[in-house]
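**Q** I have a structure here, written as structure tokens, and I will follow up with some questions on it.
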Amino acid sequence: MTEEIKNGIFYGVSVGPGDPELLSLKALRILKECPVWAVPRTHRGNSLALSIVEKILPAEGKEIIYLDFPMQKDPKLSRENHQKQLRKITPLLGQGINLAMPTLGDVSTFSTVQYLVPYLEAAGFETVMIPGITSFAATAAKLSRSLTERDQPLVIIPAANPQLDKFLKLPGTKVIMKAAKKNRELLKTLKDGGYIQRAAMVSNCGLEDEQVYPELTEVEAIDSYFSTIIISAAAEDQLFP
């Protein structure tokens with residue numbers, strides 16, 4: 001009687017925003033143990049997540065499968081692409097091979113891992129998420145700023161959100177991610193709304209070309225997609241001065 005092969009496990013592994021020393025011990029252990037890495041890459045064939053991992057854990061002996069997630073506004077095309085990427089990894093999982101997908105920042109925050117997890121779980125595969133340090137947590141640490149305290153809220157906003165103005169008016173600290181998406185338009189919004197004096201930014205946090213801006217009043221353009229802005233809570237939002 002042939003023994004049934006148990007499916008492999010899909011691991012979404014957070015690698016942090018850039019500094020390889022921010023990888024958790026658990027993330028490193030899972031990456032070491034998994035024989036296959038499914039690596040997201042840009043349309044130019046680059047993988048920042050892989051480059052971060054390889055600074056501390058070489059990929060020698062690993063099978064690398066590249067996954068492509070082009071920016072697509074059409075939901076139908078996105079779903080079709082997700083299915084295409086799934087076909088690259090599900091046969092291996094079906095053979096009982098554990099697979100790790102390194103992803104920038106944290107797996108729960110704007111992560112490409114989440115494009116695949118619902119499909120994998122629906123197909124009966126086990127998925128495990130390994131948490132990590134977000135870009136905004138690393139940015140706050142770099143700026144020596146507190147993100148929130150006691151009852152103060154924290155609002156996380158992608159720069160391309162069409163209701164950016166609405167969310168900026170909410171109380172508490174605001175985090176704007178992927179700030180280069182709107183560039184000069186975003187800076188104008190911050191200036192016109194009176195937020196610029198409380199804003200600071202780090203671009204490419206933890207990478208070799210990191211740029212730290214404790215103030216944004218003199219910044220004229222945001223060049224890097226990996227730019228994170230933190231706007232401290234207004235004085236009237238401080239519930240416990």
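By convention in this document, the chains of the structure tokens carry letters A, B, ... by their order, each chain's residues are numbered from 1, and ligands are numbered from 1 in the order they are shown.
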Find the residues near Ala159 of chain A: any atom within 6 Å, counting only C-alpha atoms, skip ones fewer than 5 places away on the same chain, and give them as a compact mmCIF listing (two decimals) with all heavy atoms, in the first residue's frame.

**A**
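Produced file part_34.txt, reproduced below:
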```
# COMPACT_ATOMS: atom_id res chain seq x y z
N ILE A 176 2.37 57.59 6.25
CA ILE A 176 2.10 57.53 4.81
C ILE A 176 3.15 56.63 4.18
O ILE A 176 4.34 56.91 4.23
CB ILE A 176 2.12 58.91 4.16
CG1 ILE A 176 1.10 59.84 4.83
CG2 ILE A 176 1.83 58.80 2.66
CD1 ILE A 176 1.10 61.25 4.27
N MET A 177 2.68 55.53 3.59
CA MET A 177 3.60 54.57 2.97
C MET A 177 3.59 54.71 1.46
O MET A 177 2.65 55.22 0.87
CB MET A 177 3.22 53.15 3.38
CG MET A 177 3.32 52.90 4.88
SD MET A 177 2.97 51.19 5.36
CE MET A 177 4.36 50.34 4.59
N LYS A 178 4.70 54.27 0.84
CA LYS A 178 4.86 54.35 -0.62
C LYS A 178 4.70 55.80 -1.06
O LYS A 178 3.99 56.10 -2.02
CB LYS A 178 3.84 53.46 -1.32
CG LYS A 178 3.81 52.03 -0.78
CD LYS A 178 2.70 51.24 -1.42
CE LYS A 178 2.55 49.87 -0.78
NZ LYS A 178 1.45 49.09 -1.35
N ALA A 179 5.40 56.69 -0.36
CA ALA A 179 5.18 58.13 -0.52
C ALA A 179 5.54 58.65 -1.89
O ALA A 179 5.01 59.68 -2.32
CB ALA A 179 5.95 58.90 0.55
```

**Q** Can I get the residues of segment 65-157 of chain A within 12 Å of segment 223-236 of chain A, each with the closest pair of atoms and their distance in Å to one decimal, using only C-alpha atoms, sorted chain first then ascending number, as JSON lines?

**A**
```
{"residue": "A:Leu104", "atom": "CA", "partner": "A:Phe226", "partner_atom": "CA", "distance": 10.5}
{"residue": "A:Gly105", "atom": "CA", "partner": "A:Phe226", "partner_atom": "CA", "distance": 10.7}
{"residue": "A:Thr134", "atom": "CA", "partner": "A:Thr228", "partner_atom": "CA", "distance": 10.5}
{"residue": "A:Ser135", "atom": "CA", "partner": "A:Thr228", "partner_atom": "CA", "distance": 7.1}
{"residue": "A:Phe136", "atom": "CA", "partner": "A:Thr228", "partner_atom": "CA", "distance": 6.4}
{"residue": "A:Ala137", "atom": "CA", "partner": "A:Thr228", "partner_atom": "CA", "distance": 9.9}
{"residue": "A:Ala138", "atom": "CA", "partner": "A:Thr228", "partner_atom": "CA", "distance": 9.7}
{"residue": "A:Thr139", "atom": "CA", "partner": "A:Thr228", "partner_atom": "CA", "distance": 6.9}
{"residue": "A:Ala140", "atom": "CA", "partner": "A:Ile230", "partner_atom": "CA", "distance": 7.4}
{"residue": "A:Ala141", "atom": "CA", "partner": "A:Ile230", "partner_atom": "CA", "distance": 11.1}
{"residue": "A:Lys142", "atom": "CA", "partner": "A:Ile230", "partner_atom": "CA", "distance": 11.2}
{"residue": "A:Leu143", "atom": "CA", "partner": "A:Ile230", "partner_atom": "CA", "distance": 9.2}
{"residue": "A:Ser144", "atom": "CA", "partner": "A:Ile230", "partner_atom": "CA", "distance": 11.2}
{"residue": "A:Arg145", "atom": "CA", "partner": "A:Ser232", "partner_atom": "CA", "distance": 8.2}
{"residue": "A:Ser146", "atom": "CA", "partner": "A:Ser232", "partner_atom": "CA", "distance": 8.3}
{"residue": "A:Leu147", "atom": "CA", "partner": "A:Ser232", "partner_atom": "CA", "distance": 7.6}
{"residue": "A:Thr148", "atom": "CA", "partner": "A:Ala233", "partner_atom": "CA", "distance": 8.5}
{"residue": "A:Glu149", "atom": "CA", "partner": "A:Ala233", "partner_atom": "CA", "distance": 10.4}
{"residue": "A:Gln152", "atom": "CA", "partner": "A:Ala233", "partner_atom": "CA", "distance": 8.4}
{"residue": "A:Pro153", "atom": "CA", "partner": "A:Ala233", "partner_atom": "CA", "distance": 9.0}
{"residue": "A:Leu154", "atom": "CA", "partner": "A:Ala233", "partner_atom": "CA", "distance": 8.9}
{"residue": "A:Val155", "atom": "CA", "partner": "A:Ile231", "partner_atom": "CA", "distance": 9.8}
{"residue": "A:Ile156", "atom": "CA", "partner": "A:Ile230", "partner_atom": "CA", "distance": 9.4}
{"residue": "A:Ile157", "atom": "CA", "partner": "A:Ile229", "partner_atom": "CA", "distance": 9.8}
```

**Q** Please list as a list in words every residue within 12 Å of Leu92 of chain A, counting only C-alpha atoms and excluding residues in the same chain fewer than 2 positions away.

**A**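 Non-adjacent residues within range: Ile5, Lys6, Asn7, Gly8, Ile9, Phe10, Cys34, Pro35, Val36, Trp37, Ala38, Glu63, Ile65, Leu86, Arg87, Lys88, Ile89, Thr90, Gly94, Gln95, Gly96, Ile97, Asn98, Leu99, Ala100 and Phe125 of chain A.
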
**Q** From segment 4-229 of chain A, collect each residue whose DSSP state is strand (DSSP E or B) and return the set as number ranges by chain.

**A** A: 9-14, 16, 36-41, 63-68, 99-103, 105, 126-130, 154-158, 173-177, 199-203, 211-213, 227-229

**Q** Using 10 Å as the limit and counting only C-alpha atoms, can you tabulate each residue of segment 62-155 of chain A that touches segment 23-28 of chain A, with its shortest atom-to-atom distance in Å and the two atoms involved, as CSV?

**A**
```
residue,atom,partner,partner_atom,distance
A:Ala100,CA,A:Ala27,CA,9.5
A:Pro102,CA,A:Ala27,CA,8.7
A:Gly105,CA,A:Leu23,CA,9.5
A:Met129,CA,A:Ala27,CA,9.7
A:Ile130,CA,A:Ala27,CA,6.3
A:Pro131,CA,A:Ala27,CA,8.1
A:Gly132,CA,A:Ser24,CA,6.8
A:Ile133,CA,A:Leu23,CA,7.9
```

**Q** For Arg41 of chain A, work out the shell of residues within 12 Å, counting only C-alpha atoms and skipping chain neighbours fewer than 3 positions away, then give it as a ChimeraX atom specification.

**A** /A:38,44-51,64-71,85,101-104,112

**Q** Keeping only N, CA and C atoms, write the selected residues as a compact mmCIF listing (two decimals), in the first residue's frame.

**A**
```txt
# COMPACT_ATOMS: atom_id res chain seq x y z
N ALA A 38 10.39 30.90 -2.92
CA ALA A 38 9.60 31.56 -3.95
C ALA A 38 9.80 33.06 -3.78
N ARG A 44 11.97 44.25 -13.85
CA ARG A 44 13.36 44.27 -14.33
C ARG A 44 14.14 43.03 -13.90
N GLY A 45 13.48 42.15 -13.16
CA GLY A 45 14.13 40.92 -12.74
C GLY A 45 14.87 41.01 -11.43
N ASN A 46 14.70 42.12 -10.70
CA ASN A 46 15.39 42.28 -9.42
C ASN A 46 14.50 41.83 -8.27
N SER A 47 15.14 41.38 -7.20
CA SER A 47 14.39 41.01 -6.00
C SER A 47 15.08 41.61 -4.79
N LEU A 48 14.48 42.67 -4.24
CA LEU A 48 15.05 43.31 -3.07
C LEU A 48 14.99 42.38 -1.86
N ALA A 49 13.88 41.65 -1.73
CA ALA A 49 13.75 40.72 -0.60
C ALA A 49 14.88 39.69 -0.60
N LEU A 50 15.17 39.14 -1.77
CA LEU A 50 16.24 38.14 -1.87
C LEU A 50 17.60 38.76 -1.58
N SER A 51 17.84 39.97 -2.07
CA SER A 51 19.13 40.61 -1.84
C SER A 51 19.35 40.88 -0.35
N ILE A 64 15.40 28.37 -6.41
CA ILE A 64 14.75 29.69 -6.44
C ILE A 64 13.68 29.71 -7.53
N ILE A 65 12.47 30.02 -7.12
CA ILE A 65 11.38 30.20 -8.08
C ILE A 65 10.98 31.66 -8.03
N TYR A 66 11.02 32.33 -9.17
CA TYR A 66 10.70 33.75 -9.21
C TYR A 66 9.21 33.96 -9.48
N LEU A 67 8.62 34.84 -8.70
CA LEU A 67 7.21 35.18 -8.84
C LEU A 67 7.07 36.62 -9.32
N ASP A 68 6.16 36.84 -10.25
CA ASP A 68 5.97 38.16 -10.84
C ASP A 68 4.60 38.72 -10.48
N PHE A 69 4.60 39.93 -9.94
CA PHE A 69 3.36 40.59 -9.56
C PHE A 69 3.32 42.00 -10.16
N PRO A 70 3.07 42.11 -11.47
CA PRO A 70 3.00 43.43 -12.08
C PRO A 70 1.84 44.25 -11.55
N MET A 71 2.02 45.57 -11.52
CA MET A 71 0.94 46.45 -11.07
C MET A 71 -0.17 46.44 -12.11
N GLN A 85 1.04 32.50 -10.98
CA GLN A 85 2.13 32.36 -10.00
C GLN A 85 1.91 31.13 -9.12
N MET A 101 8.51 32.00 1.15
CA MET A 101 8.43 33.19 0.30
C MET A 101 8.88 34.40 1.11
N PRO A 102 10.12 34.85 0.91
CA PRO A 102 10.59 36.05 1.62
C PRO A 102 9.90 37.28 1.06
N THR A 103 9.49 38.15 1.95
CA THR A 103 8.78 39.35 1.52
C THR A 103 9.23 40.55 2.34
N LEU A 104 9.27 41.72 1.72
CA LEU A 104 9.72 42.94 2.38
C LEU A 104 8.82 43.30 3.56
N THR A 112 2.93 41.02 -0.82
CA THR A 112 2.57 40.18 -1.96
C THR A 112 2.20 38.76 -1.53
```

**Q** Write out as a PyMOL selection string the set of residues from segment 113-241 of chain A that DSSP, computed on the backbone, places in helix (DSSP H, G or I).

**A** chain A and resi 113-115+117-122+135-143+164-168+179-181+184-192+196-198+235-237

**Q** Could you check which of A:Val212, A:Leu207, A:Ala160, A:Leu116 is closest to Lys55 of chain A, using only C-alpha atoms?

**A**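 Smallest distance to Lys55 of chain A is found for A:Leu207.
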
**Q** Could you check how far atom CA of Val219 of chain A sits from atom CA of Lys169 of chain A, in Å to one decimal?

**A**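 Atom-to-atom, atom CA of Val219 of chain A to atom CA of Lys169 of chain A, that is 21.9 Å.
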
**Q** Please measure the separation of atom CA of Pro158 of chain A and atom CA of Glu54 of chain A, giving the value in Å to one decimal.

**A** 28.4 Å

**Q** Go ahead and compute the interatomic distance for atom CA of Lys73 of chain A and atom CA of Asn161 of chain A, in Å to one decimal.

**A**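 Distance between the two atoms: 13.5 Å.
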
**Q** Nearest residue to Ile52 of chain A out of A:Ile30, A:Leu77, A:Val107, A:Leu22, using only C-alpha atoms?

**A**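 Answer, going by the shortest atom-to-atom distance: A:Leu22.
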
**Q** Counting only C-alpha atoms, which residue out of A:Gly172, A:Ala199, A:Glu126, A:Lys76 sits closest to Arg150 of chain A?

**A** A:Gly172
